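So this one's input39.csv, CSV, C-alpha atoms:
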chain,number,residue,atom,x,y,z
J,1,MET,CA,-0.8,10.9,1.7
J,2,LYS,CA,0.4,9.1,4.8
J,3,THR,CA,-3.2,8.4,5.8
J,4,GLN,CA,-4.0,7.1,2.3
J,5,LEU,CA,-0.9,4.9,2.4
J,6,MET,CA,-1.8,3.5,5.8
J,7,LYS,CA,-5.3,2.6,4.6
J,8,ALA,CA,-3.8,1.1,1.4
J,9,MET,CA,-1.4,-1.0,3.5
J,10,MET,CA,-4.3,-2.4,5.6
J,11,THR,CA,-6.3,-3.3,2.5
J,12,SER,CA,-3.3,-4.8,0.9
J,13,ILE,CA,-2.5,-7.0,3.9
J,14,SER,CA,-6.1,-8.4,3.6
J,15,GLU,CA,-5.8,-9.0,-0.1
J,16,VAL,CA,-2.4,-10.7,0.0
J,17,VAL,CA,-3.2,-12.8,3.0
J,18,GLU,CA,-6.5,-14.1,1.5
J,19,THR,CA,-5.1,-14.6,-2.0
J,20,MET,CA,-1.7,-16.1,-1.4
J,21,PHE,CA,-2.0,-17.6,2.1
J,22,PHE,CA,-5.6,-18.7,2.1
J,23,LEU,CA,-6.4,-17.2,5.5
J,24,PRO,CA,-9.2,-14.9,6.5
J,25,ALA,CA,-8.1,-11.4,7.3
J,26,GLU,CA,-10.0,-8.5,9.0
J,27,GLN,CA,-8.8,-5.0,9.2
J,28,GLU,CA,-8.8,-4.0,12.9
J,29,LYS,CA,-7.3,-0.7,13.8
J,30,GLU,CA,-4.6,1.9,13.5
J,31,GLY,CA,-2.4,2.9,16.4
J,32,THR,CA,1.3,2.9,17.4
J,33,VAL,CA,3.8,0.0,17.4
J,34,LEU,CA,3.5,-0.1,21.2
J,35,GLU,CA,-0.3,-0.5,21.0
J,36,THR,CA,-0.1,-3.5,18.7
J,37,GLY,CA,1.2,-5.6,21.6
J,38,LEU,CA,3.6,-7.4,19.3
J,39,LEU,CA,6.7,-5.9,20.9
J,40,ASP,CA,5.9,-8.0,24.0
J,41,GLN,CA,5.6,-11.3,22.0
J,42,ALA,CA,9.0,-12.9,22.1
J,43,ASP,CA,8.5,-15.1,19.1
J,44,ALA,CA,7.3,-12.3,16.8
J,45,VAL,CA,9.4,-11.8,13.7
J,46,SER,CA,9.9,-8.5,11.8
J,47,ALA,CA,11.0,-7.6,8.3
J,48,ALA,CA,11.6,-4.2,6.7
J,49,LEU,CA,11.5,-3.0,3.1
J,50,ALA,CA,12.6,0.5,1.9
J,51,PHE,CA,10.7,2.3,-0.8
J,52,THR,CA,11.4,5.6,-2.7
J,53,GLY,CA,9.1,7.7,-4.9
J,54,GLU,CA,6.5,10.4,-4.3
J,55,ILE,CA,6.8,9.4,-0.7
J,56,SER,CA,9.8,7.5,0.7
J,57,GLY,CA,10.4,5.5,3.8
J,58,ARG,CA,10.2,1.9,4.9
J,59,LEU,CA,7.5,-0.5,5.7
J,60,VAL,CA,8.0,-3.0,8.6
J,61,MET,CA,5.8,-6.0,9.1
J,62,MET,CA,5.6,-7.8,12.5
J,63,VAL,CA,4.1,-11.3,12.6
J,64,PRO,CA,3.8,-13.7,15.6
J,65,GLY,CA,5.9,-16.9,15.2
J,66,ASN,CA,2.9,-19.3,15.3
J,67,LEU,CA,1.1,-17.4,12.6
J,68,LEU,CA,4.2,-17.1,10.5
J,69,SER,CA,4.5,-21.0,10.7
J,70,GLU,CA,0.9,-21.4,9.6
J,71,MET,CA,1.3,-18.9,6.8
J,72,THR,CA,4.5,-20.6,5.5
J,73,GLU,CA,2.7,-24.0,5.5
J,74,ASN,CA,-0.1,-22.6,3.4
J,75,PHE,CA,2.2,-20.6,1.2
J,76,MET,CA,4.5,-23.4,0.3
J,77,GLY,CA,2.1,-26.4,0.7
J,78,GLU,CA,4.5,-28.1,3.2
J,79,SER,CA,4.0,-29.3,6.7
J,80,ASP,CA,5.7,-27.4,9.5
J,81,ASP,CA,8.2,-30.1,10.3
J,82,LYS,CA,9.7,-29.5,6.8
J,83,LEU,CA,10.0,-25.8,7.2
J,84,THR,CA,13.3,-24.2,8.3
J,85,ARG,CA,13.6,-20.9,9.9
J,86,GLU,CA,15.1,-19.5,6.6
J,87,LEU,CA,11.9,-20.6,4.7
J,88,LYS,CA,9.7,-18.9,7.3
J,89,TYR,CA,11.8,-15.7,7.0
J,90,GLY,CA,11.7,-15.9,3.3
J,91,THR,CA,7.9,-16.2,3.4
J,92,LEU,CA,7.7,-13.1,5.6
J,93,LYS,CA,9.9,-11.2,3.2
J,94,GLU,CA,7.6,-12.2,0.3
J,95,LEU,CA,4.5,-11.1,2.3
J,96,LEU,CA,6.1,-7.8,3.0
J,97,ASN,CA,7.2,-7.4,-0.7
J,98,MET,CA,3.7,-8.1,-2.0
J,99,VAL,CA,1.9,-5.9,0.6
J,100,CYS,CA,4.2,-3.0,0.0
J,101,GLY,CA,4.1,-3.3,-3.8
J,102,ASN,CA,0.3,-3.8,-3.8
J,103,ALA,CA,-0.3,-0.8,-1.5
J,104,LEU,CA,2.0,1.6,-3.4
J,105,ARG,CA,0.3,0.6,-6.7
J,106,LYS,CA,-3.0,1.8,-5.2
J,107,LEU,CA,-1.4,5.3,-4.7
J,108,ASP,CA,0.6,5.4,-7.8
J,109,SER,CA,0.2,8.2,-10.3
J,110,GLY,CA,2.0,6.1,-13.0
J,111,HIS,CA,5.6,7.1,-12.3
J,112,GLY,CA,6.1,4.5,-9.7
J,113,PHE,CA,8.0,3.6,-6.6
J,114,ASP,CA,11.2,1.8,-6.3
J,115,LEU,CA,11.3,-1.1,-3.8
J,116,GLY,CA,14.5,-2.2,-2.0
J,117,ILE,CA,15.2,-5.8,-0.9
J,118,PRO,CA,13.3,-7.0,2.2
J,119,GLU,CA,15.4,-7.9,5.2
J,120,ILE,CA,14.7,-9.4,8.6
J,121,VAL,CA,15.1,-6.9,11.4
J,122,ASP,CA,15.3,-7.0,15.2
J,123,GLY,CA,11.8,-6.0,16.5
J,124,GLU,CA,13.4,-4.1,19.4
J,125,THR,CA,15.0,-1.6,16.9
J,126,ILE,CA,11.5,-0.5,15.7
J,127,PRO,CA,10.5,2.9,17.4
J,128,SER,CA,7.5,2.2,19.6
J,129,GLU,CA,5.8,5.5,18.7
J,130,LEU,CA,5.6,4.8,14.9
J,131,PRO,CA,2.1,4.5,13.3
J,132,ALA,CA,1.0,0.9,12.8
J,133,ALA,CA,-2.0,-0.8,11.1
J,134,VAL,CA,-3.2,-4.0,12.7
J,135,VAL,CA,-5.0,-6.7,10.8
J,136,ASP,CA,-6.6,-9.8,12.4
J,137,VAL,CA,-5.5,-13.0,10.7
J,138,ALA,CA,-6.7,-16.4,11.9
J,139,ASP,CA,-7.0,-15.3,15.6
J,140,ALA,CA,-3.6,-13.5,15.6
J,141,LYS,CA,-2.5,-10.0,14.7
J,142,ILE,CA,-0.2,-8.8,11.9
J,143,ALA,CA,1.1,-5.2,12.2
J,144,ALA,CA,2.3,-3.0,9.3
J,145,VAL,CA,4.5,-0.2,10.6
J,146,LEU,CA,5.1,2.9,8.4
J,147,ASP,CA,8.4,4.8,8.9
J,148,ILE,CA,8.1,7.8,6.5
J,149,GLN,CA,11.3,9.7,5.6
J,150,ASN,CA,9.7,12.6,3.7
R,1,MET,CA,0.0,-28.9,-22.3
R,2,VAL,CA,3.5,-29.8,-21.2
R,3,TYR,CA,6.3,-27.3,-21.4
R,4,SER,CA,9.8,-26.7,-20.0
R,5,ILE,CA,9.2,-23.7,-17.7
R,6,LEU,CA,12.1,-21.7,-16.1
R,7,ILE,CA,11.2,-19.9,-12.9
R,8,VAL,CA,13.6,-17.1,-11.9
R,9,ASP,CA,13.2,-15.6,-8.4
R,10,ASP,CA,15.6,-15.2,-5.5
R,11,SER,CA,13.0,-16.4,-3.0
R,12,LEU,CA,12.7,-20.2,-2.6
R,13,PRO,CA,9.2,-19.8,-1.0
R,14,MET,CA,8.1,-17.7,-4.0
R,15,ARG,CA,9.5,-20.3,-6.5
R,16,SER,CA,7.6,-23.0,-4.7
R,17,VAL,CA,4.4,-21.0,-4.8
R,18,ILE,CA,4.8,-20.3,-8.5
R,19,LYS,CA,5.4,-24.0,-9.2
R,20,LYS,CA,2.3,-24.9,-7.2
R,21,THR,CA,0.2,-22.3,-9.0
R,22,LEU,CA,1.4,-23.5,-12.4
R,23,GLY,CA,0.1,-26.9,-11.4
R,24,ALA,CA,-3.3,-25.4,-10.5
R,25,ALA,CA,-3.3,-23.5,-13.8
R,26,GLY,CA,-3.0,-26.6,-15.8
R,27,TYR,CA,0.7,-26.9,-16.3
R,28,GLY,CA,1.3,-29.6,-13.7
R,29,GLY,CA,3.0,-32.0,-16.0
R,30,SER,CA,5.5,-29.5,-17.2
R,31,GLU,CA,9.3,-29.7,-16.5
R,32,ILE,CA,10.1,-26.9,-14.0
R,33,LEU,CA,13.6,-25.4,-13.9
R,34,GLU,CA,14.6,-22.9,-11.2
R,35,ALA,CA,17.2,-20.1,-11.0
R,36,GLN,CA,17.8,-17.5,-8.3
R,37,ASN,CA,18.7,-14.5,-10.5
R,38,GLY,CA,19.2,-13.5,-14.1
R,39,GLN,CA,22.8,-14.6,-14.3
R,40,GLU,CA,22.1,-18.1,-13.1
R,41,ALA,CA,19.1,-18.3,-15.4
R,42,LEU,CA,21.1,-17.4,-18.5
R,43,GLU,CA,23.6,-20.1,-17.6
R,44,MET,CA,20.8,-22.6,-17.1
R,45,MET,CA,19.2,-21.6,-20.5
R,46,ARG,CA,22.5,-22.4,-22.3
R,47,HIS,CA,22.3,-26.0,-21.1
R,48,ASN,CA,18.6,-26.7,-21.0
R,49,TRP,CA,15.7,-26.5,-23.4
R,50,VAL,CA,13.3,-23.8,-22.2
R,51,ASP,CA,9.8,-23.0,-23.6
R,52,VAL,CA,8.9,-20.1,-21.4
R,53,VAL,CA,10.5,-18.0,-18.6
R,54,LEU,CA,8.7,-16.6,-15.6
R,55,THR,CA,11.0,-14.0,-13.9
R,56,ASP,CA,10.8,-11.7,-11.0
R,57,TYR,CA,12.2,-8.1,-11.3
R,58,ASN,CA,13.8,-7.3,-8.0
R,59,MET,CA,16.7,-9.8,-7.6
R,60,PRO,CA,20.3,-9.5,-6.5
R,61,VAL,CA,23.2,-10.1,-8.9
R,62,MET,CA,21.1,-9.5,-12.1
R,63,ASN,CA,17.6,-8.2,-12.0
R,64,GLY,CA,14.7,-9.2,-14.2
R,65,LEU,CA,15.0,-6.3,-16.6
R,66,ASP,CA,18.8,-6.8,-17.2
R,67,PHE,CA,18.2,-10.5,-17.6
R,68,ILE,CA,15.6,-10.0,-20.4
R,69,LEU,CA,17.7,-7.4,-22.2
R,70,LYS,CA,20.8,-9.8,-22.1
R,71,ALA,CA,18.8,-12.8,-23.2
R,72,LYS,CA,17.1,-11.0,-26.1
R,73,LYS,CA,20.6,-10.1,-27.5
R,74,GLU,CA,21.4,-13.8,-27.8
R,75,ASP,CA,20.0,-15.5,-31.0
R,76,LEU,CA,19.6,-18.8,-29.1
R,77,PHE,CA,17.0,-17.2,-26.8
R,78,SER,CA,15.4,-14.6,-29.0
R,79,ASP,CA,12.2,-16.6,-29.6
R,80,ILE,CA,11.7,-17.6,-25.9
R,81,PRO,CA,8.8,-15.7,-24.3
R,82,PHE,CA,9.5,-14.0,-21.0
R,83,ILE,CA,6.7,-13.3,-18.5
R,84,VAL,CA,7.5,-10.9,-15.6
R,85,VAL,CA,6.0,-11.9,-12.3
R,86,SER,CA,6.5,-9.0,-9.9
R,87,THR,CA,5.1,-6.6,-7.3
R,88,GLU,CA,6.3,-3.7,-9.5
R,89,GLY,CA,3.2,-2.9,-11.3
R,90,ASN,CA,3.2,0.8,-12.3
R,91,GLU,CA,2.7,1.8,-15.9
R,92,ASP,CA,6.2,3.1,-16.4
R,93,ARG,CA,7.8,-0.1,-15.2
R,94,ILE,CA,5.4,-2.3,-17.2
R,95,THR,CA,6.2,-0.3,-20.4
R,96,GLN,CA,9.9,-0.7,-19.6
R,97,PHE,CA,9.5,-4.5,-19.4
R,98,MET,CA,7.5,-4.7,-22.6
R,99,GLU,CA,9.9,-2.5,-24.5
R,100,SER,CA,12.8,-4.8,-23.3
R,101,GLY,CA,11.1,-7.8,-24.9
R,102,ALA,CA,8.8,-9.2,-22.2
R,103,ALA,CA,5.8,-11.0,-23.6
R,104,GLY,CA,3.6,-10.5,-20.6
R,105,TYR,CA,3.2,-9.4,-17.0
R,106,VAL,CA,1.7,-10.8,-13.9
R,107,THR,CA,1.5,-8.8,-10.7
R,108,LYS,CA,1.9,-10.3,-7.2
R,109,PRO,CA,-0.3,-11.4,-5.5
R,110,PHE,CA,-1.5,-13.7,-8.3
R,111,THR,CA,-4.0,-16.5,-8.8
R,112,ALA,CA,-3.9,-19.6,-11.0
R,113,GLU,CA,-6.3,-17.9,-13.3
R,114,SER,CA,-4.2,-14.7,-13.6
R,115,ILE,CA,-1.1,-16.8,-14.5
R,116,ARG,CA,-3.1,-18.9,-17.0
R,117,ASP,CA,-4.7,-15.8,-18.6
R,118,VAL,CA,-1.3,-14.5,-19.5
R,119,MET,CA,0.3,-17.8,-20.4
R,120,VAL,CA,-2.3,-19.2,-22.7
R,121,PRO,CA,-2.1,-16.6,-25.5
R,122,ILE,CA,1.7,-16.3,-25.2
R,123,LEU,CA,2.1,-20.1,-25.7
R,124,GLY,CA,-0.4,-20.1,-28.5
R,125,GLU,CA,-2.6,-22.7,-26.8
R,126,GLY,CA,-5.8,-21.1,-28.1
R,127,GLU,CA,-4.4,-21.1,-31.6
R,128,ASP,CA,-3.6,-24.8,-31.4
R,129,GLU,CA,-7.2,-25.6,-30.6
R,130,ASP,CA,-8.3,-23.5,-33.6
R,131,THR,CA,-5.8,-25.3,-35.8
R,132,ILE,CA,-7.1,-28.7,-34.7
R,133,ASP,CA,-10.7,-27.6,-35.4
R,134,GLU,CA,-9.8,-26.3,-38.9
R,135,SER,CA,-7.8,-29.4,-39.8
R,136,ASP,CA,-10.8,-31.5,-38.7
R,137,ASP,CA,-13.0,-29.5,-41.1
R,138,ASP,CA,-10.6,-30.1,-44.0
R,139,LEU,CA,-10.6,-33.8,-43.6
R,140,ASP,CA,-12.0,-35.4,-46.8
R,141,PHE,CA,-13.3,-38.9,-46.6
As structure tokens - that is how I would like this structure written.
Amino acid sequence: MKTQLMKAMMTSISEVVETMFFLPAEQEKEGTVLETGLLDQADAVSAALAFTGEISGRLVMMVPGNLLSEMTENFMGESDDKLTRELKYGTLKELLNMVCGNALRKLDSGHGFDLGIPEIVDGETIPSELPAAVVDVADAKIAAVLDIQN
Amino acid sequence: MVYSILIVDDSLPMRSVIKKTLGAAGYGGSEILEAQNGQEALEMMRHNWVDVVLTDYNMPVMNGLDFILKAKKEDLFSDIPFIVVSTEGNEDRITQFMESGAAGYVTKPFTAESIRDVMVPILGEGEDEDTIDESDDDLDF
């Protein structure tokens, strides 16, 4: 189930990024949070979303600051000078919400999952050994980290 | 067609995207109203004319399901169609929305086409075109 969920997350990142953010996305690899290299990027922003159902846990997404700015510009149709930090954080939360919902639908037997409310988290609090899926988006990397509770 | 459309979502970026997508779907001239949750939306509906509501499910203060249930209990709003725009797309949840009185459902991520495909039959735009055609046929010179 965890393997299926990880693959579903990677596919969902590509689908959501291409449909809603108009950016090319290419699934790259699976590894650990440490191997993504995003922990070393000072401007990377992370958000987490809890889910419960047949499988429960949380999904964390990590996005470099420059890419988040570009995604927010495309998402909202506004130039970067009009985008506040809150709007960029809001965009990341929406990305996470759509990716998580889309991926869980792919696994769903019909009874569903409940999603929590996305929140911005400190990247340093994400355990470096957790499994992560990496997707290449416009010459940068997005990581989806799975923290399964059961 | 021009309508008064109420978008209910706690995310400002998502409300902007829905507004932009409505423009691409052919509703660019419509009046767009915005609310951050069900409670704010109900208050807005008491003071503004609304033709159709697009609402998220997962919102603080009052979620989309409670919002629809409360609105449908008020005579003033009983004829207004509600379309749920959400990431929550499993069968049980969709059934729950439709039983509560929602007229349609759009899953995120969405496109202008997917929004339009749901809105056109709900707003009866296809029927209008048929009516125009029939009335033209009935014209007697």
What residues have an atom no more than 12 Å from (-0.1, -25.5, -9.1) in the file's own frame, counting all atoms listed in the file, and can you write them as a list in words?
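The distance filter leaves exactly Phe75, Met76 and Gly77 of chain J; Arg15, Ser16, Val17, Ile18, Lys19, Lys20, Thr21, Leu22, Gly23, Ala24, Ala25, Gly26, Tyr27, Gly28, Gly29, Ser30, Ile32, Phe110, Thr111, Ala112, Glu113, Ile115 and Arg116 of chain R.
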For a cut-off of 10 Å around (5.8, -3.9, 10.9), file coordinates, pick out all residues using only C-alpha atoms and list them as number ranges by chain.
J: 33, 36, 38, 45-49, 58-63, 96, 121, 123, 126, 130-134, 142-147
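Here atom CA of Ala35 of chain R stands at a distance of 28.7 Å from atom CA of Leu67 of chain J.
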Within 8 Å of chain J, which residues belong to chain R? Use only C-alpha atoms and report them as a PyMOL selection string.
chain R and resi 11-14+16-17+20+58-59+87-93+108-111
Please measure the separation of atom CA of Asp40 of chain J and atom CA of Leu5 of chain J, giving the value in Å to one decimal.
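Calculated distance between atom CA of Asp40 of chain J and atom CA of Leu5 of chain J is 26.1 Å.
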May I ask for the distance between atom CA of Glu35 of chain J and atom CA of Lys141 of chain J, given in Å to one decimal place?
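Value for the atom CA of Glu35 of chain J-atom CA of Lys141 of chain J distance: 11.6 Å.
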When you count only C-alpha atoms, which of these residues is closest to Pro127 of chain J: J:Ala140, J:Ala50, J:Ser79, J:Thr32?
J:Thr32
Do a neighbour search on Ile80 of chain R at 8 Å with only C-alpha atoms, toss out local chain neighbours closer than 6 positions, and write the hits as a PDB file with C-alpha atoms, in the coordinates of the input.
ATOM      1  CA  VAL R  50      13.300 -23.800 -22.200  1.00  0.00           C
ATOM      2  CA  ASP R  51       9.800 -23.000 -23.600  1.00  0.00           C
ATOM      3  CA  VAL R  52       8.900 -20.100 -21.400  1.00  0.00           C
ATOM      4  CA  VAL R  53      10.500 -18.000 -18.600  1.00  0.00           C
TER       5      VAL R  53
END
Can you tell me, as a PDB file with C-alpha atoms, keeping the file's coordinate frame, what residues are no more than 12 Å from segment 95-104 of chain R when counting all atoms listed in the file, ignoring any on the same chain fewer than 2 positions away?
ATOM      1  CA  GLY J 110       2.000   6.100 -13.000  1.00  0.00           C
ATOM      2  CA  HIS J 111       5.600   7.100 -12.300  1.00  0.00           C
ATOM      3  CA  GLY J 112       6.100   4.500  -9.700  1.00  0.00           C
TER       4      GLY J 112
ATOM      5  CA  VAL R  52       8.900 -20.100 -21.400  1.00  0.00           C
ATOM      6  CA  VAL R  53      10.500 -18.000 -18.600  1.00  0.00           C
ATOM      7  CA  LEU R  54       8.700 -16.600 -15.600  1.00  0.00           C
ATOM      8  CA  THR R  55      11.000 -14.000 -13.900  1.00  0.00           C
ATOM      9  CA  ASP R  56      10.800 -11.700 -11.000  1.00  0.00           C
ATOM     10  CA  TYR R  57      12.200  -8.100 -11.300  1.00  0.00           C
ATOM     11  CA  ASN R  63      17.600  -8.200 -12.000  1.00  0.00           C
ATOM     12  CA  GLY R  64      14.700  -9.200 -14.200  1.00  0.00           C
ATOM     13  CA  LEU R  65      15.000  -6.300 -16.600  1.00  0.00           C
ATOM     14  CA  ASP R  66      18.800  -6.800 -17.200  1.00  0.00           C
ATOM     15  CA  PHE R  67      18.200 -10.500 -17.600  1.00  0.00           C
ATOM     16  CA  ILE R  68      15.600 -10.000 -20.400  1.00  0.00           C
ATOM     17  CA  LEU R  69      17.700  -7.400 -22.200  1.00  0.00           C
ATOM     18  CA  LYS R  70      20.800  -9.800 -22.100  1.00  0.00           C
ATOM     19  CA  ALA R  71      18.800 -12.800 -23.200  1.00  0.00           C
ATOM     20  CA  LYS R  72      17.100 -11.000 -26.100  1.00  0.00           C
ATOM     21  CA  LYS R  73      20.600 -10.100 -27.500  1.00  0.00           C
ATOM     22  CA  PHE R  77      17.000 -17.200 -26.800  1.00  0.00           C
ATOM     23  CA  SER R  78      15.400 -14.600 -29.000  1.00  0.00           C
ATOM     24  CA  ASP R  79      12.200 -16.600 -29.600  1.00  0.00           C
ATOM     25  CA  ILE R  80      11.700 -17.600 -25.900  1.00  0.00           C
ATOM     26  CA  PRO R  81       8.800 -15.700 -24.300  1.00  0.00           C
ATOM     27  CA  PHE R  82       9.500 -14.000 -21.000  1.00  0.00           C
ATOM     28  CA  ILE R  83       6.700 -13.300 -18.500  1.00  0.00           C
ATOM     29  CA  VAL R  84       7.500 -10.900 -15.600  1.00  0.00           C
ATOM     30  CA  VAL R  85       6.000 -11.900 -12.300  1.00  0.00           C
ATOM     31  CA  SER R  86       6.500  -9.000  -9.900  1.00  0.00           C
ATOM     32  CA  GLU R  88       6.300  -3.700  -9.500  1.00  0.00           C
ATOM     33  CA  GLY R  89       3.200  -2.900 -11.300  1.00  0.00           C
ATOM     34  CA  ASN R  90       3.200   0.800 -12.300  1.00  0.00           C
ATOM     35  CA  GLU R  91       2.700   1.800 -15.900  1.00  0.00           C
ATOM     36  CA  ASP R  92       6.200   3.100 -16.400  1.00  0.00           C
ATOM     37  CA  ARG R  93       7.800  -0.100 -15.200  1.00  0.00           C
ATOM     38  CA  VAL R 106       1.700 -10.800 -13.900  1.00  0.00           C
ATOM     39  CA  THR R 107       1.500  -8.800 -10.700  1.00  0.00           C
ATOM     40  CA  SER R 114      -4.200 -14.700 -13.600  1.00  0.00           C
ATOM     41  CA  ILE R 115      -1.100 -16.800 -14.500  1.00  0.00           C
ATOM     42  CA  ARG R 116      -3.100 -18.900 -17.000  1.00  0.00           C
ATOM     43  CA  ASP R 117      -4.700 -15.800 -18.600  1.00  0.00           C
ATOM     44  CA  VAL R 118      -1.300 -14.500 -19.500  1.00  0.00           C
ATOM     45  CA  MET R 119       0.300 -17.800 -20.400  1.00  0.00           C
ATOM     46  CA  VAL R 120      -2.300 -19.200 -22.700  1.00  0.00           C
ATOM     47  CA  PRO R 121      -2.100 -16.600 -25.500  1.00  0.00           C
ATOM     48  CA  ILE R 122       1.700 -16.300 -25.200  1.00  0.00           C
ATOM     49  CA  LEU R 123       2.100 -20.100 -25.700  1.00  0.00           C
TER      50      LEU R 123
END
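Considering the residues J:Val135, J:Leu83, J:Leu68, J:Ile55 and counting only C-alpha atoms, Lys2 of chain J has its shortest atom-to-atom contact with J:Ile55.
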